[in-house]
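J.: Quick one: the structure is below, and I'll ask about it shortly.
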Amino acid sequence: MITFIIALLVLVGGYFLYGSYVERVFGPDKIRKTPALTMADGVDFIPLPTWKIFMIQFLNIAGLGPIFGAIMGAKFGTASYLWIVLGTIFAGAVHDYLSGMLSIRHEGESLPEIIGRYLGLPTKQLMRGFTVVLMILVGAVFVAGPAGLLAKLTPEYMDVTFWIIVVFFYYMLATLLPVDKIIGKIYPLFAIALLFMAVGILVMLLWNHPALPEITDGLHNTHPAGLPIFPIMFVSIACGAISGFHATQSPLMARCMKNEKYGRPIFYGAMVTEGIVALIWAAAATYFFHQNGMEESNASIIVDSITKEWLGTIGGLLAVLGVIAAPITSGDTALRSARLIVADFMHLEQKSIAKRLLICIPIFAVTIGILLYSQRDAAGFDMIWRYFAWCNQALSVFTLWAVTVFLVRAKKNYYITLFPALFMTAVCSTYICIAPEGLAFSDYVSYIIGSLCTLVAAIGFASWYRKQNSIVYEKI
């Protein structure tokens, strides 16, 4: 428990110490008018209260990652605690904060436009397609999970199919309607359930004081299948430490902020909060595995068991509602992000419902197709989820490199993103080589290829950096 408590305190301290430093590096302009004020359209650009923006951002990025990902990551042992803490403070929160602030500076631009602005037109075109596909995958995979849980809590005639239709209908409304009509009103309620779940589990961890592994016991791999910590654990935990998906959500809130000074609590703070949730669930899962063994791989069963044992029937019900709320509040804004990304590169205004429908109908059609496939094929959902996890982390690589280029051009401390960019380049390139759903190479070959990819990225950056001294860039 000592390691867990220290890790929790370090996460909180990271927000105040390193978060403040990153904020100073960027330099928010407290006088500059934000897009919410200069481009207000009553649909996407709407000034909202800061507390509400934080709630929405937190729920947008939470999804299943900090719960299910942390549970699966806990199988690797104490190393999962370290990655959640260090990844959140030095990679994930920095990634979220800087991508969100760049969106504000560039009139609420979507992520592909920001990446293209700093990495070039070919990369922009690639990211436009890549991020839209990723958003559709998120929308599809985050329907089935909540629908299944809701079916268990309701009468038999409200089966999984019924709830899939209900959840997807909600997605359609949340994607099309102004951000303050549904998302701005429902999210605070969802946030209460999700935060209750995390706080409730934390209190019971401290009360029961279960025997948890300590960092002094070593960082040896405890995964029952012998999967390597690097890179599998770093992709499995995903949203609990760093996630490219987060950077697609930040522009939604960048279009609602009334002042740049709120960037750190909204972007950096939401990621630290998610890291805390992930750490709590990693510790709770460790307790479950200690009591029941590591054979169980269905995270839903583990969540249900822990919440019922520690929080009772009513508490367990509220906790399950939190698990339902997490993916729903990521799925709806994922499809909303897809609409905005398409609107940005097609230069279609989104004030009229007709223009929104023009973009949304094809997006909904593709999402339904993927959803039907995942339901028809027993292994379909697992396969889609694995590809989503890798695509998610690959997107963080592009975002980190884009932000690094910005910091270099602005003559600011670029090391705060360069090192995470190199590390995540190594993670993603090695993972796609070693994973069964990837190239399935041997560990030895995968590590060599991953190292070479990282070396090429480092050399490419160094070569580009040497040319920058003679170039003068416009200050944003």
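Order determines the names: the first chain of the structure tokens is A, the second B, and so forth; residues in each chain are numbered 1 upward, and ligands are numbered 1 upward as they are shown.
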Residues within 9 Å of Leu252 in chain A, please, as a PDB file with all heavy atoms, in the first residue's frame. Count only C-alpha atoms; anything in the same chain fewer than 6 positions from it doesn't count.
T.:
```
ATOM      1  N   ASP A  44     -20.993  24.800 -31.836  1.00  0.00           N
ATOM      2  CA  ASP A  44     -19.735  24.235 -31.349  1.00  0.00           C
ATOM      3  C   ASP A  44     -18.897  25.266 -30.601  1.00  0.00           C
ATOM      4  O   ASP A  44     -18.198  24.925 -29.653  1.00  0.00           O
ATOM      5  CB  ASP A  44     -18.925  23.662 -32.513  1.00  0.00           C
ATOM      6  CG  ASP A  44     -19.673  22.545 -33.234  1.00  0.00           C
ATOM      7  OD1 ASP A  44     -20.067  21.577 -32.561  1.00  0.00           O
ATOM      8  OD2 ASP A  44     -19.878  22.651 -34.460  1.00  0.00           O
ATOM      9  N   PHE A  45     -18.940  26.506 -31.031  1.00  0.00           N
ATOM     10  CA  PHE A  45     -18.223  27.593 -30.362  1.00  0.00           C
ATOM     11  C   PHE A  45     -19.186  28.288 -29.395  1.00  0.00           C
ATOM     12  O   PHE A  45     -19.913  29.206 -29.765  1.00  0.00           O
ATOM     13  CB  PHE A  45     -17.684  28.595 -31.383  1.00  0.00           C
ATOM     14  CG  PHE A  45     -16.594  28.045 -32.262  1.00  0.00           C
ATOM     15  CD1 PHE A  45     -16.905  27.370 -33.434  1.00  0.00           C
ATOM     16  CD2 PHE A  45     -15.258  28.210 -31.931  1.00  0.00           C
ATOM     17  CE1 PHE A  45     -15.914  26.863 -34.255  1.00  0.00           C
ATOM     18  CE2 PHE A  45     -14.254  27.702 -32.746  1.00  0.00           C
ATOM     19  CZ  PHE A  45     -14.576  27.029 -33.906  1.00  0.00           C
ATOM     20  N   GLN A  57     -14.440  17.513 -20.451  1.00  0.00           N
ATOM     21  CA  GLN A  57     -13.137  17.042 -20.927  1.00  0.00           C
ATOM     22  C   GLN A  57     -12.755  15.733 -20.241  1.00  0.00           C
ATOM     23  O   GLN A  57     -12.295  14.790 -20.888  1.00  0.00           O
ATOM     24  CB  GLN A  57     -12.069  18.106 -20.676  1.00  0.00           C
ATOM     25  CG  GLN A  57     -10.643  17.690 -21.012  1.00  0.00           C
ATOM     26  CD  GLN A  57     -10.384  17.549 -22.491  1.00  0.00           C
ATOM     27  OE1 GLN A  57     -11.231  17.843 -23.324  1.00  0.00           O
ATOM     28  NE2 GLN A  57      -9.199  17.089 -22.842  1.00  0.00           N
ATOM     29  N   GLY A 100      -4.369  20.954 -26.684  1.00  0.00           N
ATOM     30  CA  GLY A 100      -5.550  21.779 -26.441  1.00  0.00           C
ATOM     31  C   GLY A 100      -5.258  23.262 -26.587  1.00  0.00           C
ATOM     32  O   GLY A 100      -6.039  24.007 -27.187  1.00  0.00           O
ATOM     33  N   GLY A 108      -9.546  27.101 -32.685  1.00  0.00           N
ATOM     34  CA  GLY A 108     -10.292  25.869 -32.424  1.00  0.00           C
ATOM     35  C   GLY A 108     -10.077  24.781 -33.452  1.00  0.00           C
ATOM     36  O   GLY A 108     -10.942  23.923 -33.625  1.00  0.00           O
ATOM     37  N   SER A 110      -9.188  21.443 -35.464  1.00  0.00           N
ATOM     38  CA  SER A 110      -9.194  20.024 -35.126  1.00  0.00           C
ATOM     39  C   SER A 110      -7.764  19.482 -35.178  1.00  0.00           C
ATOM     40  O   SER A 110      -6.869  20.091 -35.779  1.00  0.00           O
ATOM     41  CB  SER A 110     -10.075  19.249 -36.100  1.00  0.00           C
ATOM     42  OG  SER A 110     -11.416  19.660 -35.997  1.00  0.00           O
ATOM     43  N   VAL A 179     -23.473  21.939 -28.403  1.00  0.00           N
ATOM     44  CA  VAL A 179     -22.737  21.276 -27.331  1.00  0.00           C
ATOM     45  C   VAL A 179     -23.352  21.530 -25.955  1.00  0.00           C
ATOM     46  O   VAL A 179     -23.205  20.716 -25.039  1.00  0.00           O
ATOM     47  CB  VAL A 179     -21.256  21.730 -27.357  1.00  0.00           C
ATOM     48  CG1 VAL A 179     -21.130  23.191 -26.951  1.00  0.00           C
ATOM     49  CG2 VAL A 179     -20.397  20.841 -26.475  1.00  0.00           C
ATOM     50  N   THR A 333     -18.784  11.972 -28.095  1.00  0.00           N
ATOM     51  CA  THR A 333     -17.910  13.060 -28.519  1.00  0.00           C
ATOM     52  C   THR A 333     -16.902  12.609 -29.575  1.00  0.00           C
ATOM     53  O   THR A 333     -16.363  13.446 -30.303  1.00  0.00           O
ATOM     54  CB  THR A 333     -17.164  13.668 -27.314  1.00  0.00           C
ATOM     55  OG1 THR A 333     -16.561  12.619 -26.555  1.00  0.00           O
ATOM     56  CG2 THR A 333     -18.114  14.463 -26.443  1.00  0.00           C
ATOM     57  N   ARG A 336     -18.798  13.245 -32.611  1.00  0.00           N
ATOM     58  CA  ARG A 336     -18.854  14.704 -32.775  1.00  0.00           C
ATOM     59  C   ARG A 336     -17.522  15.225 -33.316  1.00  0.00           C
ATOM     60  O   ARG A 336     -17.484  16.104 -34.179  1.00  0.00           O
ATOM     61  CB  ARG A 336     -19.193  15.365 -31.437  1.00  0.00           C
ATOM     62  CG  ARG A 336     -19.522  16.853 -31.561  1.00  0.00           C
ATOM     63  CD  ARG A 336     -19.864  17.484 -30.222  1.00  0.00           C
ATOM     64  NE  ARG A 336     -20.298  18.862 -30.392  1.00  0.00           N
ATOM     65  CZ  ARG A 336     -21.553  19.242 -30.550  1.00  0.00           C
ATOM     66  NH1 ARG A 336     -22.517  18.333 -30.555  1.00  0.00           N
ATOM     67  NH2 ARG A 336     -21.856  20.512 -30.716  1.00  0.00           N
ATOM     68  N   SER A 337     -16.415  14.681 -32.791  1.00  0.00           N
ATOM     69  CA  SER A 337     -15.095  15.066 -33.290  1.00  0.00           C
ATOM     70  C   SER A 337     -14.950  14.715 -34.761  1.00  0.00           C
ATOM     71  O   SER A 337     -14.371  15.482 -35.540  1.00  0.00           O
ATOM     72  CB  SER A 337     -13.997  14.368 -32.487  1.00  0.00           C
ATOM     73  OG  SER A 337     -13.972  14.819 -31.164  1.00  0.00           O
ATOM     74  N   LEU A 340     -16.573  17.336 -36.824  1.00  0.00           N
ATOM     75  CA  LEU A 340     -15.819  18.583 -36.871  1.00  0.00           C
ATOM     76  C   LEU A 340     -14.545  18.451 -37.713  1.00  0.00           C
ATOM     77  O   LEU A 340     -14.148  19.394 -38.403  1.00  0.00           O
ATOM     78  CB  LEU A 340     -15.474  19.031 -35.454  1.00  0.00           C
ATOM     79  CG  LEU A 340     -16.682  19.413 -34.588  1.00  0.00           C
ATOM     80  CD1 LEU A 340     -16.248  19.704 -33.161  1.00  0.00           C
ATOM     81  CD2 LEU A 340     -17.406  20.612 -35.177  1.00  0.00           C
TER      82      LEU A 340
END
```
J.: Residues of range 84-228 of chain A in helix (DSSP H, G or I) according to DSSP, as JSON, numbers by chain?
T.: {"A": [84, 85, 86, 87, 88, 89, 90, 91, 92, 93, 94, 95, 96, 97, 98, 99, 100, 101, 102, 103, 104, 105, 111, 112, 113, 114, 115, 116, 117, 118, 119, 121, 122, 123, 124, 125, 126, 127, 128, 129, 130, 131, 132, 133, 134, 135, 136, 137, 138, 139, 140, 141, 142, 143, 144, 145, 146, 147, 148, 149, 150, 151, 152, 153, 160, 161, 162, 163, 164, 165, 166, 167, 168, 169, 170, 171, 172, 173, 174, 175, 176, 183, 184, 185, 186, 187, 188, 189, 190, 191, 192, 193, 194, 195, 196, 197, 198, 199, 200, 201, 202, 203, 204, 205, 206, 207, 208, 215, 216, 217]}
J.: Could you save the residues just selected, with C-alpha atoms, as a compact mmCIF listing (two decimals), in the first residue's frame?
T.:
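Wrote out_21.txt, looks like this:
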```txt
# COMPACT_ATOMS: atom_id res chain seq x y z
CA ILE A 84 0.49 5.33 -14.93
CA VAL A 85 2.24 7.92 -12.74
CA LEU A 86 5.19 8.84 -14.96
CA GLY A 87 3.24 8.49 -18.18
CA THR A 88 0.44 10.74 -16.91
CA ILE A 89 2.68 13.52 -15.56
CA PHE A 90 5.42 13.65 -18.20
CA ALA A 91 3.64 12.41 -21.32
CA GLY A 92 -0.17 12.22 -21.25
CA ALA A 93 -0.96 15.47 -19.44
CA VAL A 94 1.67 17.39 -21.42
CA HIS A 95 0.28 15.93 -24.66
CA ASP A 96 -3.30 16.90 -23.71
CA TYR A 97 -2.44 20.39 -22.46
CA LEU A 98 -0.30 21.50 -25.38
CA SER A 99 -2.57 20.05 -28.07
CA GLY A 100 -5.55 21.78 -26.44
CA MET A 101 -3.75 25.10 -26.16
CA LEU A 102 -2.58 24.95 -29.77
CA SER A 103 -6.19 24.41 -30.82
CA ILE A 104 -7.17 27.58 -28.94
CA ARG A 105 -4.35 29.54 -30.58
CA LEU A 111 -6.21 17.77 -34.45
CA PRO A 112 -5.40 16.84 -38.09
CA GLU A 113 -5.20 20.52 -39.02
CA ILE A 114 -2.84 21.20 -36.10
CA ILE A 115 -0.63 18.21 -36.96
CA GLY A 116 -0.55 19.23 -40.61
CA ARG A 117 0.33 22.81 -39.70
CA TYR A 118 3.56 21.59 -38.07
CA LEU A 119 4.36 18.30 -39.85
CA LEU A 121 0.55 18.69 -45.90
CA PRO A 122 1.15 14.95 -46.57
CA THR A 123 0.93 14.24 -42.84
CA LYS A 124 -2.19 16.40 -42.59
CA GLN A 125 -3.92 14.39 -45.32
CA LEU A 126 -2.92 11.12 -43.66
CA MET A 127 -4.12 12.31 -40.26
CA ARG A 128 -7.46 13.50 -41.63
CA GLY A 129 -8.36 9.99 -42.75
CA PHE A 130 -6.64 8.29 -39.82
CA THR A 131 -8.39 10.30 -37.11
CA VAL A 132 -11.84 10.04 -38.70
CA VAL A 133 -11.46 6.25 -38.87
CA LEU A 134 -10.25 6.19 -35.26
CA MET A 135 -13.23 8.29 -34.11
CA ILE A 136 -15.65 5.97 -35.90
CA LEU A 137 -13.96 2.95 -34.26
CA VAL A 138 -14.37 4.60 -30.85
CA GLY A 139 -18.03 5.31 -31.58
CA ALA A 140 -18.57 1.67 -32.57
CA VAL A 141 -16.69 -0.09 -29.76
CA PHE A 142 -18.16 2.18 -27.08
CA VAL A 143 -21.75 1.20 -27.89
CA ALA A 144 -21.70 -2.54 -27.22
CA GLY A 145 -20.13 -2.39 -23.74
CA PRO A 146 -22.62 0.04 -22.16
CA ALA A 147 -25.52 -1.71 -23.95
CA GLY A 148 -24.53 -5.06 -22.44
CA LEU A 149 -24.32 -3.65 -18.91
CA LEU A 150 -27.64 -1.82 -19.26
CA ALA A 151 -29.30 -5.04 -20.45
CA LYS A 152 -28.24 -6.74 -17.21
CA LEU A 153 -29.80 -3.99 -15.09
CA VAL A 160 -28.71 -5.76 -25.77
CA THR A 161 -30.17 -4.89 -29.18
CA PHE A 162 -32.67 -2.52 -27.58
CA TRP A 163 -29.96 -0.69 -25.66
CA ILE A 164 -27.63 -0.53 -28.67
CA ILE A 165 -30.40 1.33 -30.52
CA VAL A 166 -31.01 3.64 -27.55
CA VAL A 167 -27.32 4.43 -27.03
CA PHE A 168 -26.71 5.01 -30.72
CA PHE A 169 -29.74 7.28 -30.96
CA TYR A 170 -28.26 9.29 -28.10
CA TYR A 171 -24.96 9.42 -30.02
CA MET A 172 -26.77 10.87 -33.01
CA LEU A 173 -28.38 13.61 -30.95
CA ALA A 174 -25.13 14.44 -29.12
CA THR A 175 -23.28 14.65 -32.44
CA LEU A 176 -25.81 16.91 -34.13
CA ILE A 183 -23.49 17.20 -23.51
CA GLY A 184 -23.43 20.31 -21.33
CA LYS A 185 -26.44 19.17 -19.30
CA ILE A 186 -25.97 15.38 -18.99
CA TYR A 187 -22.23 15.16 -18.42
CA PRO A 188 -22.24 16.57 -14.86
CA LEU A 189 -24.61 13.74 -13.85
CA PHE A 190 -22.39 11.13 -15.51
CA ALA A 191 -19.36 12.70 -13.81
CA ILE A 192 -20.92 12.26 -10.38
CA ALA A 193 -21.37 8.52 -11.00
CA LEU A 194 -17.85 8.06 -12.36
CA LEU A 195 -16.17 10.07 -9.61
CA PHE A 196 -18.27 8.34 -6.93
CA MET A 197 -17.01 5.02 -8.24
CA ALA A 198 -13.36 6.10 -8.12
CA VAL A 199 -13.60 7.77 -4.70
CA GLY A 200 -15.58 4.84 -3.29
CA ILE A 201 -12.98 2.30 -4.42
CA LEU A 202 -10.17 4.55 -3.11
CA VAL A 203 -11.80 4.83 0.33
CA MET A 204 -12.24 1.05 0.51
CA LEU A 205 -8.63 0.49 -0.57
CA LEU A 206 -7.45 2.71 2.27
CA TRP A 207 -9.95 1.15 4.71
CA ASN A 208 -9.26 -2.50 3.89
CA ILE A 215 8.22 -1.19 -5.63
CA THR A 216 10.85 -2.60 -3.26
CA ASP A 217 9.70 -6.08 -4.33
```
J.: Can you work out which one of A:Phe267, A:Phe423, A:Tyr157, A:Phe68 has the shortest atom-to-atom distance to Ile56 in chain A, counting only C-alpha atoms?
T.: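 Among the listed residues, the smallest separation from Ile56 in chain A belongs to A:Phe267.
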J.: For Gly42 in chain A, find every residue with an atom within 10 Å (counting only C-alpha atoms), except residues of its own chain fewer than 5 positions away, and show them as a PyMOL selection string.
T.: chain A and resi 36+47+177-180+350-351
J.: Can you pull out every residue within 10 Å of range 300-305 of chain A, counting only C-alpha atoms, but drop anything in the same chain fewer than 6 positions away, and send it as a list of chain:residue names?
T.: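 In the requested form, the answer reads A:Ile67, A:Phe68, A:Ile71, A:Gly145, A:Leu149, A:Trp281, A:Ala284, A:Ala285, A:Phe288, A:Phe289, A:Asn292, A:Gly316, A:Leu317, A:Ala319, A:Val320, A:Val323.
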J.: How far is it from CA of Tyr268 in chain A to CA of Tyr15 in chain A, in Å with one decimal?
T.: 7.1 Å
J.: When you count only C-alpha atoms, which of these residues is closest to Thr34 in chain A: A:Lys261, A:Arg356, A:Lys52, A:Lys412?
T.: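 Of A:Lys261, A:Arg356, A:Lys52, A:Lys412, the one nearest Thr34 in chain A, counting only C-alpha atoms, is A:Lys261.
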J.: Using only C-alpha atoms, which of A:Gly226, A:Gly275, A:Pro28, A:Pro66 sits nearest Ile476 in chain A?
T.: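 Closest candidate: A:Pro28.
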